[in-house]
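Asker: Dropping in start-v9.cif, which is mmCIF, C-alpha atoms and all ligand atoms:
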data_coords
loop_
_atom_site.label_atom_id
_atom_site.label_comp_id
_atom_site.auth_asym_id
_atom_site.auth_seq_id
_atom_site.Cartn_x
_atom_site.Cartn_y
_atom_site.Cartn_z
CA MET A 1245 0.00 0.00 0.00
CA GLN A 1246 1.14 3.54 -0.76
CA ALA A 1247 2.78 5.49 2.01
CA SER A 1248 1.07 8.68 3.02
CA PRO A 1249 3.44 11.61 2.51
CA ASP A 1250 2.57 13.50 5.66
CA THR A 1251 1.79 11.03 8.36
CA GLY A 1252 4.66 8.72 7.62
CA ASP A 1253 2.28 5.76 7.90
CA THR A 1254 2.90 2.96 5.49
CA ASP A 1255 -0.44 1.22 5.92
CA VAL A 1256 -3.15 3.88 5.83
CA LEU A 1257 -6.10 3.15 3.59
CA PRO A 1258 -7.75 5.90 1.54
CA VAL A 1259 -11.43 6.49 2.28
CA ALA A 1260 -12.60 5.66 -1.25
CA LYS A 1261 -10.72 2.35 -1.26
CA ALA A 1262 -12.15 1.36 2.12
CA LEU A 1263 -15.71 2.08 1.01
CA GLN A 1264 -15.20 0.17 -2.21
CA THR A 1265 -13.86 -2.84 -0.29
CA ILE A 1266 -16.78 -2.74 2.14
CA LEU A 1267 -19.42 -2.47 -0.58
CA SER A 1268 -17.85 -5.31 -2.57
CA GLN A 1269 -18.42 -7.61 0.41
CA VAL A 1270 -22.09 -6.78 0.98
CA SER A 1271 -24.94 -8.64 -0.75
CA PRO A 1272 -28.53 -7.47 -0.35
CA ILE A 1273 -31.03 -9.40 1.74
CA THR A 1274 -33.91 -10.93 -0.19
CA ASP A 1275 -36.81 -11.03 2.30
CA THR A 1276 -39.76 -8.84 1.49
CA GLU A 1277 -43.07 -7.90 3.05
CA ILE A 1278 -46.30 -6.39 1.78
CA LEU A 1279 -47.44 -3.19 3.48
CA PRO A 1280 -50.31 -0.76 3.09
CA LEU A 1281 -49.16 2.30 1.18
CA LYS A 1282 -49.22 4.71 4.13
CA GLN A 1283 -46.75 2.53 6.03
CA THR A 1284 -44.12 2.54 3.31
CA LEU A 1285 -42.50 5.95 3.86
CA GLY A 1286 -38.73 5.45 3.88
CA ARG A 1287 -39.04 1.77 2.97
CA VAL A 1288 -37.21 0.13 0.09
CA LEU A 1289 -39.21 -0.88 -2.96
CA ALA A 1290 -38.62 -4.61 -3.58
CA ALA A 1291 -39.40 -4.66 -7.32
CA ASP A 1292 -40.02 -2.21 -10.16
CA LEU A 1293 -43.47 -0.71 -9.72
CA ILE A 1294 -45.22 -1.11 -13.06
CA SER A 1295 -47.98 1.36 -13.82
CA PRO A 1296 -51.26 -0.52 -14.48
CA ILE A 1297 -52.84 2.58 -16.04
CA ASP A 1298 -52.06 5.75 -17.92
CA VAL A 1299 -51.83 8.79 -15.62
CA PRO A 1300 -53.81 10.83 -16.37
CA ALA A 1301 -56.17 8.19 -17.67
CA SER A 1302 -57.58 10.48 -20.40
CA ASP A 1303 -56.79 13.74 -22.14
CA ASN A 1304 -58.06 16.50 -19.88
CA SER A 1305 -58.16 20.24 -19.70
CA ALA A 1306 -55.40 22.25 -18.04
CA MET A 1307 -57.64 25.37 -17.97
CA ASP A 1308 -61.13 26.66 -17.36
CA GLY A 1309 -62.31 27.65 -20.87
CA TYR A 1310 -63.60 26.20 -24.12
CA ALA A 1311 -62.77 22.91 -25.78
CA LEU A 1312 -62.88 23.14 -29.55
CA LEU A 1313 -61.29 22.10 -32.81
CA SER A 1314 -58.30 24.27 -33.59
CA ALA A 1315 -59.33 24.35 -37.29
CA ASP A 1316 -62.42 26.39 -36.29
CA LEU A 1317 -60.32 29.37 -35.22
CA ASP A 1318 -59.34 32.11 -37.63
CA SER A 1319 -56.09 34.01 -37.23
CA GLN A 1320 -57.59 37.03 -39.08
CA HIS A 1321 -61.13 37.27 -37.66
CA ALA A 1322 -62.99 36.66 -34.44
CA VAL A 1323 -65.25 33.59 -34.55
CA THR A 1324 -68.41 32.79 -32.67
CA LEU A 1325 -68.94 29.17 -31.67
CA ARG A 1326 -72.09 27.51 -30.39
CA ILE A 1327 -71.72 25.97 -26.91
CA VAL A 1328 -73.16 22.45 -27.12
CA GLY A 1329 -72.22 21.11 -23.72
CA TYR A 1330 -70.52 21.38 -20.37
CA ALA A 1331 -67.60 19.32 -19.14
CA LEU A 1332 -66.61 19.37 -15.48
CA ALA A 1333 -63.93 17.38 -13.69
CA GLY A 1334 -65.59 14.04 -13.09
CA HIS A 1335 -68.44 14.84 -15.48
CA ALA A 1336 -67.54 14.40 -19.13
CA HIS A 1337 -69.48 15.77 -22.11
CA HIS A 1338 -70.63 12.71 -24.02
CA GLY A 1339 -72.22 14.20 -27.17
CA GLY A 1340 -70.41 15.00 -30.40
CA VAL A 1341 -68.91 18.39 -31.17
CA ASN A 1342 -69.22 19.52 -34.78
CA ALA A 1343 -67.51 22.26 -36.76
CA GLY A 1344 -68.60 25.67 -35.41
CA GLU A 1345 -69.31 24.21 -31.98
CA CYS A 1346 -67.47 24.04 -28.69
CA VAL A 1347 -67.84 22.76 -25.14
CA ARG A 1348 -67.54 24.85 -22.00
CA ILE A 1349 -64.86 22.99 -20.02
CA MET A 1350 -63.31 23.18 -16.54
CA THR A 1351 -59.83 22.20 -15.38
CA GLY A 1352 -59.43 18.44 -15.09
CA ALA A 1353 -62.47 17.63 -17.23
CA VAL A 1354 -62.05 15.09 -20.03
CA VAL A 1355 -61.53 16.83 -23.38
CA PRO A 1356 -64.27 15.61 -25.78
CA ALA A 1357 -62.98 13.28 -28.50
CA ASP A 1358 -63.97 15.70 -31.27
CA CYS A 1359 -61.95 18.58 -29.78
CA ASP A 1360 -58.19 18.99 -29.96
CA CYS A 1361 -57.48 22.06 -27.84
CA VAL A 1362 -58.74 24.24 -25.02
CA LEU A 1363 -58.79 28.05 -25.01
CA PRO A 1364 -58.81 29.84 -21.65
CA GLN A 1365 -62.03 31.63 -20.74
CA GLU A 1366 -60.20 34.94 -20.14
CA ILE A 1367 -59.65 35.50 -23.85
CA ALA A 1368 -63.35 35.30 -24.83
CA GLU A 1369 -64.57 38.61 -26.29
CA ALA A 1370 -68.18 37.81 -25.47
CA ALA A 1371 -69.90 34.80 -23.97
CA SER A 1372 -73.42 33.72 -23.13
CA ALA A 1373 -74.87 30.41 -22.10
CA ASP A 1374 -75.25 29.44 -25.77
CA GLU A 1375 -72.28 30.89 -27.57
CA VAL A 1376 -68.84 32.37 -27.22
CA THR A 1377 -66.92 34.79 -29.41
CA LEU A 1378 -63.21 34.13 -29.54
CA PRO A 1379 -60.75 36.71 -30.90
CA ALA A 1380 -58.73 36.40 -34.09
CA ARG A 1381 -56.05 33.91 -33.27
CA SER A 1382 -54.72 30.51 -34.07
CA ALA A 1383 -54.23 27.54 -31.80
CA ARG A 1384 -52.42 24.27 -32.16
CA ALA A 1385 -53.81 20.86 -31.45
CA GLY A 1386 -52.90 19.97 -27.88
CA ASP A 1387 -52.93 23.53 -26.50
CA ASN A 1388 -53.90 23.45 -22.82
CA VAL A 1389 -54.61 19.73 -22.95
CA ARG A 1390 -52.90 17.35 -20.52
CA LEU A 1391 -52.36 14.18 -22.48
CA ALA A 1392 -53.31 10.72 -21.26
CA GLY A 1393 -50.20 9.00 -19.90
CA GLU A 1394 -48.09 12.17 -19.88
CA ASP A 1395 -47.31 11.72 -16.18
CA LEU A 1396 -46.95 7.92 -16.21
CA ALA A 1397 -47.51 5.54 -19.10
CA LYS A 1398 -49.24 2.20 -18.62
CA GLY A 1399 -46.80 -0.73 -18.53
CA GLN A 1400 -43.78 1.38 -17.64
CA ALA A 1401 -41.80 1.26 -14.40
CA ALA A 1402 -43.14 4.20 -12.45
CA LEU A 1403 -40.55 3.57 -9.71
CA LYS A 1404 -37.49 1.37 -9.75
CA GLN A 1405 -36.57 -1.48 -7.44
CA GLY A 1406 -34.38 -0.23 -4.58
CA ARG A 1407 -36.08 3.12 -4.40
CA ILE A 1408 -36.37 4.54 -0.88
CA LEU A 1409 -39.93 5.77 -0.88
CA THR A 1410 -40.54 9.49 -0.36
CA PRO A 1411 -43.80 11.37 0.22
CA ALA A 1412 -43.90 12.18 -3.52
CA ASP A 1413 -43.45 8.49 -4.38
CA ILE A 1414 -46.28 7.48 -2.07
CA GLY A 1415 -48.58 10.00 -3.73
CA LEU A 1416 -47.47 8.77 -7.12
CA ILE A 1417 -48.26 5.16 -6.17
CA ALA A 1418 -51.70 6.28 -4.99
CA SER A 1419 -52.21 7.99 -8.35
CA LEU A 1420 -51.87 4.53 -9.91
CA GLY A 1421 -54.58 3.16 -7.65
CA ILE A 1422 -52.18 0.79 -5.90
CA GLY A 1423 -52.71 0.34 -2.16
CA ASP A 1424 -50.38 -2.50 -1.12
CA ILE A 1425 -46.65 -2.39 -1.77
CA THR A 1426 -43.96 -5.05 -1.63
CA VAL A 1427 -40.98 -3.64 0.22
CA MET A 1428 -37.79 -5.14 1.59
CA ARG A 1429 -38.05 -6.14 5.22
CA LYS A 1430 -36.33 -3.77 7.63
CA LEU A 1431 -32.76 -4.50 8.62
CA ARG A 1432 -32.19 -5.30 12.27
CA VAL A 1433 -28.97 -3.74 13.43
CA ALA A 1434 -27.57 -4.55 16.86
CA HIS A 1435 -25.22 -2.10 18.49
CA PHE A 1436 -23.28 -1.81 21.68
CA SER A 1437 -20.65 0.38 23.28
CA THR A 1438 -17.43 -0.89 24.76
CA GLY A 1439 -15.25 0.75 27.37
CA ASP A 1440 -14.91 0.36 31.13
CA GLU A 1441 -15.19 4.14 31.54
CA LEU A 1442 -18.73 4.26 30.15
CA ARG A 1443 -21.79 4.87 32.30
CA SER A 1444 -25.36 4.70 31.11
CA VAL A 1445 -27.96 7.41 31.50
CA GLY A 1446 -29.41 7.03 35.01
CA GLN A 1447 -26.16 5.88 36.60
CA ALA A 1448 -23.91 8.05 38.75
CA LEU A 1449 -20.85 9.51 37.07
CA ASP A 1450 -17.89 8.43 39.17
CA GLU A 1451 -14.40 9.77 38.70
CA GLY A 1452 -12.96 9.26 35.24
CA SER A 1453 -16.16 7.96 33.77
CA VAL A 1454 -18.24 9.43 30.91
CA TYR A 1455 -21.81 8.91 29.86
CA ASP A 1456 -22.24 6.65 26.88
CA SER A 1457 -23.57 8.88 24.10
CA ASN A 1458 -22.70 6.65 21.14
CA ARG A 1459 -25.60 4.28 21.69
CA TYR A 1460 -27.94 7.23 21.42
CA THR A 1461 -26.40 8.76 18.30
CA LEU A 1462 -26.28 5.29 16.74
CA HIS A 1463 -29.91 4.66 17.63
CA GLY A 1464 -30.86 7.93 15.93
CA MET A 1465 -28.71 7.35 12.86
CA LEU A 1466 -30.01 3.80 12.44
CA MET A 1467 -33.60 4.99 12.70
CA ARG A 1468 -32.94 7.63 10.07
CA ALA A 1469 -31.36 4.99 7.86
CA GLY A 1470 -34.57 2.96 8.01
CA CYS A 1471 -33.15 0.21 10.22
CA GLU A 1472 -34.54 -1.34 13.37
CA PRO A 1473 -31.93 -0.75 16.08
CA LEU A 1474 -31.31 -3.35 18.73
CA ASP A 1475 -29.51 -1.77 21.68
CA LEU A 1476 -27.30 -4.28 23.49
CA GLY A 1477 -26.07 -1.72 26.02
CA VAL A 1478 -22.63 -0.96 27.37
CA ILE A 1479 -20.48 -4.06 27.31
CA LYS A 1480 -17.69 -4.39 29.84
CA ASP A 1481 -14.24 -4.97 28.52
CA ASP A 1482 -14.06 -8.63 29.35
CA PRO A 1483 -13.96 -11.47 26.83
CA ALA A 1484 -17.06 -13.32 28.05
CA SER A 1485 -19.31 -10.25 27.95
CA ILE A 1486 -18.11 -9.25 24.53
CA GLU A 1487 -18.46 -12.75 23.16
CA SER A 1488 -21.98 -13.08 24.45
CA ALA A 1489 -22.94 -9.67 22.98
CA PHE A 1490 -21.64 -10.74 19.58
CA GLN A 1491 -23.47 -14.05 19.83
CA GLN A 1492 -26.70 -12.27 20.60
CA ALA A 1493 -26.10 -9.88 17.69
CA CYS A 1494 -25.47 -12.77 15.30
CA LYS A 1495 -28.64 -14.50 16.38
CA GLN A 1496 -30.92 -11.50 16.21
CA ALA A 1497 -29.52 -9.03 13.71
CA ASP A 1498 -28.32 -8.62 10.15
CA ALA A 1499 -25.48 -6.37 11.22
CA VAL A 1500 -23.76 -5.25 14.38
CA ILE A 1501 -22.11 -1.93 15.09
CA THR A 1502 -19.79 -1.44 18.02
CA SER A 1503 -18.04 1.68 19.19
CA GLY A 1504 -14.71 1.88 20.95
CA GLY A 1505 -11.81 -0.45 21.34
CA VAL A 1506 -10.63 -0.76 17.75
CA SER A 1507 -7.52 1.43 17.87
CA ALA A 1508 -4.21 -0.30 17.38
CA GLY A 1509 -3.11 0.76 20.84
CA ASP A 1510 -6.19 -0.59 22.53
CA ALA A 1511 -5.33 -3.15 25.15
CA ASP A 1512 -8.91 -4.32 25.43
CA HIS A 1513 -10.57 -7.51 24.31
CA THR A 1514 -12.89 -6.11 21.68
CA ARG A 1515 -10.39 -6.56 18.89
CA GLN A 1516 -9.44 -10.04 20.02
CA MET A 1517 -13.04 -11.13 20.20
CA MET A 1518 -13.81 -9.71 16.76
CA ASN A 1519 -10.89 -11.73 15.46
CA LYS A 1520 -12.02 -14.85 17.24
CA LEU A 1521 -15.61 -14.75 16.03
CA GLY A 1522 -15.14 -13.53 12.55
CA ASP A 1523 -13.26 -12.53 9.53
CA VAL A 1524 -12.48 -8.96 10.39
CA ALA A 1525 -10.09 -6.41 8.92
CA PHE A 1526 -8.68 -3.68 11.15
CA TRP A 1527 -7.92 -0.59 9.16
CA LYS A 1528 -6.14 2.65 9.73
CA LEU A 1529 -7.97 5.03 7.44
CA ALA A 1530 -6.52 8.13 5.86
CA MET A 1531 -9.25 10.27 7.36
CA ARG A 1532 -10.06 12.53 10.24
CA PRO A 1533 -11.97 12.09 12.44
CA GLY A 1534 -12.39 8.33 12.49
CA ARG A 1535 -9.03 6.78 11.79
CA PRO A 1536 -9.47 3.21 13.08
CA LEU A 1537 -12.23 1.04 11.62
CA ALA A 1538 -12.90 -2.67 11.86
CA PHE A 1539 -15.05 -4.30 9.21
CA GLY A 1540 -16.01 -7.85 8.51
CA CYS A 1541 -18.48 -10.61 9.21
CA ILE A 1542 -18.87 -12.45 12.50
CA GLN A 1543 -20.35 -15.91 13.01
CA SER A 1544 -21.83 -17.79 15.91
CA ASP A 1545 -23.94 -20.93 16.04
CA GLY A 1546 -24.64 -20.90 12.33
CA HIS A 1547 -25.80 -17.28 12.42
CA HIS A 1548 -23.79 -14.43 11.04
CA ALA A 1549 -23.83 -10.66 10.93
CA LEU A 1550 -22.00 -7.94 9.11
CA MET A 1551 -19.79 -6.12 11.56
CA PHE A 1552 -18.62 -2.54 11.85
CA GLY A 1553 -16.26 -1.69 14.68
CA LEU A 1554 -16.33 2.08 14.87
CA PRO A 1555 -13.93 4.17 16.92
CA GLY A 1556 -15.08 5.36 20.31
CA ASN A 1557 -14.93 9.12 19.94
CA PRO A 1558 -18.47 10.46 19.53
CA VAL A 1559 -17.85 12.50 16.39
CA ALA A 1560 -15.72 9.78 14.85
CA VAL A 1561 -18.63 7.39 15.37
CA MET A 1562 -20.96 9.64 13.44
CA VAL A 1563 -18.55 10.34 10.60
CA SER A 1564 -17.62 6.67 10.21
CA PHE A 1565 -21.26 5.67 10.34
CA TYR A 1566 -22.27 8.14 7.62
CA PHE A 1567 -19.42 7.44 5.25
CA PHE A 1568 -18.99 3.66 5.71
CA ALA A 1569 -21.71 1.91 7.71
CA ARG A 1570 -24.66 3.75 6.19
CA PRO A 1571 -23.82 3.04 2.53
CA ALA A 1572 -23.15 -0.61 3.41
CA LEU A 1573 -26.43 -0.93 5.32
CA MET A 1574 -28.26 0.65 2.39
CA LYS A 1575 -26.80 -1.96 0.06
CA LEU A 1576 -27.59 -4.74 2.53
CA ALA A 1577 -31.17 -3.47 2.70
CA GLY A 1578 -31.51 -3.70 -1.08
CA ALA A 1579 -31.73 0.07 -1.44
CA THR A 1580 -30.38 2.29 -4.17
CA PRO A 1581 -29.94 5.43 -2.10
CA PRO A 1582 -30.10 8.77 -3.88
CA SER A 1583 -26.60 10.15 -4.30
CA LEU A 1584 -25.72 12.84 -1.82
CA PRO A 1585 -24.48 15.74 -3.90
CA THR A 1586 -21.87 18.00 -2.38
CA ILE A 1587 -22.25 21.68 -3.05
CA ARG A 1588 -19.51 24.28 -3.33
CA ALA A 1589 -19.34 26.98 -0.71
CA ILE A 1590 -16.89 29.74 0.11
CA SER A 1591 -14.93 29.06 3.25
CA LEU A 1592 -15.18 32.09 5.52
CA HIS A 1593 -11.80 31.34 7.06
CA GLY A 1594 -8.61 29.48 6.50
CA ILE A 1595 -8.49 25.77 7.40
CA GLN A 1596 -5.31 23.85 8.26
CA LYS A 1597 -5.22 20.51 6.47
CA LYS A 1598 -2.70 17.81 5.63
CA THR A 1599 -2.67 16.32 2.16
CA GLY A 1600 -3.02 12.56 1.90
CA ARG A 1601 -6.13 12.16 4.00
CA THR A 1602 -9.80 13.09 3.90
CA GLU A 1603 -10.94 15.47 6.60
CA TYR A 1604 -14.52 16.08 7.61
CA GLN A 1605 -15.09 19.32 9.43
CA ARG A 1606 -18.36 20.28 11.03
CA GLY A 1607 -19.73 23.37 9.33
CA ILE A 1608 -22.57 25.85 9.25
CA ALA A 1609 -23.50 26.73 5.70
CA SER A 1610 -25.55 29.81 4.98
CA ARG A 1611 -26.25 32.22 2.17
CA SER A 1612 -24.63 35.60 2.62
CA ALA A 1613 -26.24 38.92 1.66
CA ASP A 1614 -24.69 38.82 -1.81
CA GLY A 1615 -26.35 35.46 -2.48
CA GLN A 1616 -23.15 33.42 -2.18
CA LEU A 1617 -23.21 30.17 -0.27
CA SER A 1618 -20.60 30.31 2.45
CA VAL A 1619 -19.55 28.02 5.24
CA ARG A 1620 -17.80 28.36 8.55
CA VAL A 1621 -16.47 25.72 10.89
CA THR A 1622 -18.42 25.16 14.14
CA GLY A 1623 -15.53 25.78 16.47
CA ALA A 1624 -13.32 23.15 18.07
CA GLN A 1625 -13.05 20.11 15.82
CA GLY A 1626 -11.78 17.53 18.30
CA SER A 1627 -13.28 14.13 17.54
CA GLY A 1628 -14.80 13.95 21.00
CA ILE A 1629 -16.61 17.29 20.79
CA LEU A 1630 -20.19 16.39 20.05
CA SER A 1631 -21.56 19.91 20.60
CA SER A 1632 -19.83 21.09 17.44
CA MET A 1633 -21.60 18.30 15.53
CA SER A 1634 -24.88 19.28 17.09
CA ASP A 1635 -24.33 22.91 16.02
CA ALA A 1636 -23.48 21.96 12.44
CA ASN A 1637 -25.82 21.76 9.48
CA CYS A 1638 -23.25 20.27 7.11
CA MET A 1639 -19.92 18.52 6.78
CA ILE A 1640 -17.12 20.30 5.02
CA VAL A 1641 -15.42 17.58 3.00
CA LEU A 1642 -11.72 18.20 2.46
CA HIS A 1643 -10.41 15.64 -0.01
CA ASP A 1644 -7.18 13.61 0.09
CA ASP A 1645 -5.31 15.81 -2.35
CA GLN A 1646 -6.32 19.10 -0.75
CA GLY A 1647 -3.93 21.00 1.49
CA SER A 1648 -4.61 23.95 3.76
CA LEU A 1649 -7.17 26.48 2.60
CA ASN A 1650 -7.32 30.23 2.72
CA ALA A 1651 -10.38 32.28 3.58
CA GLY A 1652 -12.37 32.75 0.36
CA ASP A 1653 -11.43 29.37 -1.14
CA LEU A 1654 -14.22 27.11 -2.40
CA VAL A 1655 -14.88 23.89 -0.46
CA ASP A 1656 -17.21 20.92 -0.88
CA VAL A 1657 -20.06 20.83 1.58
CA LEU A 1658 -22.47 17.98 2.30
CA MET A 1659 -25.71 19.22 3.82
CA PHE A 1660 -27.17 17.12 6.63
CA ASP A 1661 -30.83 17.51 5.77
CA GLY A 1662 -32.53 17.11 2.47
CA LEU A 1663 -36.05 18.40 1.87
CA MET A 1664 -37.62 14.97 1.64
P1 LIG B 1701 -11.65 4.28 22.14
O1 LIG B 1701 -11.86 4.29 20.67
O2 LIG B 1701 -12.29 3.15 22.84
O3 LIG B 1701 -10.19 4.39 22.44
O4 LIG B 1701 -12.34 5.61 22.72
C1 LIG B 1701 -11.90 6.88 22.33
C2 LIG B 1701 -12.55 7.95 23.19
O5 LIG B 1701 -13.96 7.92 23.00
C3 LIG B 1701 -12.36 7.79 24.67
O6 LIG B 1701 -12.15 9.08 25.23
C4 LIG B 1701 -13.62 7.20 25.16
O7 LIG B 1701 -13.89 7.51 26.50
C5 LIG B 1701 -14.64 7.82 24.24
N1 LIG B 1701 -15.80 6.93 24.07
C6 LIG B 1701 -15.75 5.64 23.74
N2 LIG B 1701 -16.98 5.11 23.67
C7 LIG B 1701 -17.83 6.12 24.00
C8 LIG B 1701 -19.24 6.20 24.12
N3 LIG B 1701 -20.01 5.13 23.88
N4 LIG B 1701 -19.80 7.38 24.46
C9 LIG B 1701 -19.01 8.45 24.69
N5 LIG B 1701 -17.68 8.44 24.59
C10 LIG B 1701 -17.07 7.30 24.26
MG MG B 1702 -12.20 2.18 24.69
#
Output the file's structure as structure tokens, nothing else.
Answerer:
Amino acid sequence: MQASPDTGDTDVLPVAKALQTILSQVSPITDTEILPLKQTLGRVLAADLISPIDVPASDNSAMDGYALLSADLDSQHAVTLRIVGYALAGHAHHGGVNAGECVRIMTGAVVPADCDCVLPQEIAEAASADEVTLPARSARAGDNVRLAGEDLAKGQAALKQGRILTPADIGLIASLGIGDITVMRKLRVAHFSTGDELRSVGQALDEGSVYDSNRYTLHGMLMRAGCEPLDLGVIKDDPASIESAFQQACKQADAVITSGGVSAGDADHTRQMMNKLGDVAFWKLAMRPGRPLAFGCIQSDGHHALMFGLPGNPVAVMVSFYFFARPALMKLAGATPPSLPTIRAISLHGIQKKTGRTEYQRGIASRSADGQLSVRVTGAQGSGILSSMSDANCMIVLHDDQGSLNAGDLVDVLMFDGLM
């Protein structure tokens, strides 16, 4: 492996290579379930959703006005047409429409077969219940008509397998008249924290101890990723406890995520137990925060689970989860997640950075008065400082080949929240 120029390490793994290796070892689950449409938000579509109908089902009016034959209009003279019927949304006009005739029509109403366009009511020069005078003008067939199938065509895949269903998708499925959807079953992901210094919420904080926050961030991140978290608690740093936690995880979950105890210097038993129970790689990643990462598969009693051993520092846990565990869990769940586009923002200050590793800084992006998107760092960037993650609305992604930045330089920013 290539040596990193700045750190002097000979065995650091670039972020992109690590993710590629992880994804290459994950195969999607195959179990599915059928759910009522309203329960499918955020779930993964198990097969292409084929439209059983055209949407809209028939040509209909995009305007309140008059449905007519474009050939009846005259670009030189006003014309007066006889109104032979009324078409409302849900109430079609069934009679014929001959030359010199038209139908009063409302938005959403089916356009009569004899008509090829709709003119908006505002342009009428004069109108009564029986006739309308339209000004000199021409129209083209199709004007102000929404065509059958223009939204979704019958027989086509309205949504693709792997889609993570959004509110718009759910509405779209309803527009096809489909009420039950086959989705992938939810992933069960076990997680636990390791470290003798950890105390759980509700316990007293004795000297040198810290409250375990990682189980809570992980719970939240897993929920957001559409998984069912299974909290196995704080596990003491002794081989029997760790082994039994892994056994439970194998039995009950598709994947297990641990935090703490994966650094090379760690004297604890987490690493040893991961090695004993599975086929696990321990990496030093060319990234900050989140340098150590263990990844592999563990087995027990004929059960197995994908395993992510994340570092212990609270921000490192989040960054490693988002950039490694989450994409892998998405693949395991059978999902094709939408790509997360980075956007370019102006850094409001200089940032110190070493080349040869990827750095994720916690940022607050905002639009300045001149309309430019700018970003500032949320203060201290230590990998244990969770408040600066909580303050942030984005990650500033500083790539391997980037060095230090000056104020005013453009940087890549990954926003935390999308609209849907
Ligand atoms: P480790 O990766 O186990 O060496 O832990 C690195 C740092 O993260 C140490 O300061 C730990 O106390 C802290 N840490 C580890 N696990 C947790 C946790 N679950 N919640 C909060 N801090 C943690
Ligand atoms: Mg530890």
Asker: Residues up to 6 Å from ligand MG 1702 (chain B), counting all atoms listed in the file: could you list those as number ranges by chain?
Answerer: A: 1439, 1504-1505
Asker: At a cut-off of 8 Å, using all atoms listed in the file, what residues contact Val1559 (chain A)? Leave out same-chain residues fewer than 3 positions from it and give the result as a list in words.
Answerer: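 Here the qualifying residues turn out to be Pro1533, Gly1534, Met1562, Val1563, Ser1627, Gly1628, Ile1629, Leu1630 and Met1633 of chain A.
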Asker: Have a look at A:Leu1474, A:Ala1613, A:Ala1373, A:Ala1385 and name the one nearest to Leu1313 (chain A); count all atoms listed in the file.
Answerer: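 Using all atoms listed in the file, Leu1313 (chain A) sits closest to A:Ala1385.
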Asker: Have a look at A:Arg1515, A:Arg1384, A:Arg1468, A:His1335 and name the one nearest to ligand LIG 1701 (chain B); count only C-alpha atoms and all ligand atoms.
Answerer: A:Arg1515
Asker: Ligand LIG 1701 (chain B): which residues are within 6 Å, counting only C-alpha atoms and all ligand atoms, as a list of chain:residue names?
Answerer: A:Ser1437, A:Gly1439, A:Tyr1455, A:Asp1456, A:Ser1457, A:Asn1458, A:Ser1503, A:Gly1504, A:Gly1505, A:Val1506, A:Ser1507, A:Pro1555, A:Gly1556, A:Asn1557, A:Pro1558
Asker: Using C-alpha atoms, can you write the selected residues to a file as a short mmCIF file (atom, residue, chain, number, x, y, z; two decimals), in the frame of the given file?
Answerer:
data_model
loop_
_atom_site.label_atom_id
_atom_site.label_comp_id
_atom_site.auth_asym_id
_atom_site.auth_seq_id
_atom_site.Cartn_x
_atom_site.Cartn_y
_atom_site.Cartn_z
CA SER A 1437 -20.65 0.38 23.28
CA GLY A 1439 -15.25 0.75 27.37
CA TYR A 1455 -21.81 8.91 29.86
CA ASP A 1456 -22.24 6.65 26.88
CA SER A 1457 -23.57 8.88 24.10
CA ASN A 1458 -22.70 6.65 21.14
CA SER A 1503 -18.04 1.68 19.19
CA GLY A 1504 -14.71 1.88 20.95
CA GLY A 1505 -11.81 -0.45 21.34
CA VAL A 1506 -10.63 -0.76 17.75
CA SER A 1507 -7.52 1.43 17.87
CA PRO A 1555 -13.93 4.17 16.92
CA GLY A 1556 -15.08 5.36 20.31
CA ASN A 1557 -14.93 9.12 19.94
CA PRO A 1558 -18.47 10.46 19.53
#
Asker: What is the distance between CA of Asp1374 (chain A) and CA of Asn1304 (chain A), in Å to one decimal?
Answerer: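 Taking CA of Asp1374 (chain A) and CA of Asn1304 (chain A), their separation equals 22.3 Å.
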Asker: Could you check how far CA of Leu1281 (chain A) sits from CA of Ser1419 (chain A), in Å to one decimal?
Answerer: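 Between CA of Leu1281 (chain A) and CA of Ser1419 (chain A) the gap works out to 11.5 Å.
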Asker: When you look at Leu1584 (chain A) with a cut-off of 12 Å (counting all atoms listed in the file), what residues show up, excluding the ones that are within fewer than 6 positions of it in the same chain? I need them as an MDAnalysis selection string.
Answerer: chainID A and resid 1566:1567 1571 1638:1639 1656:1662
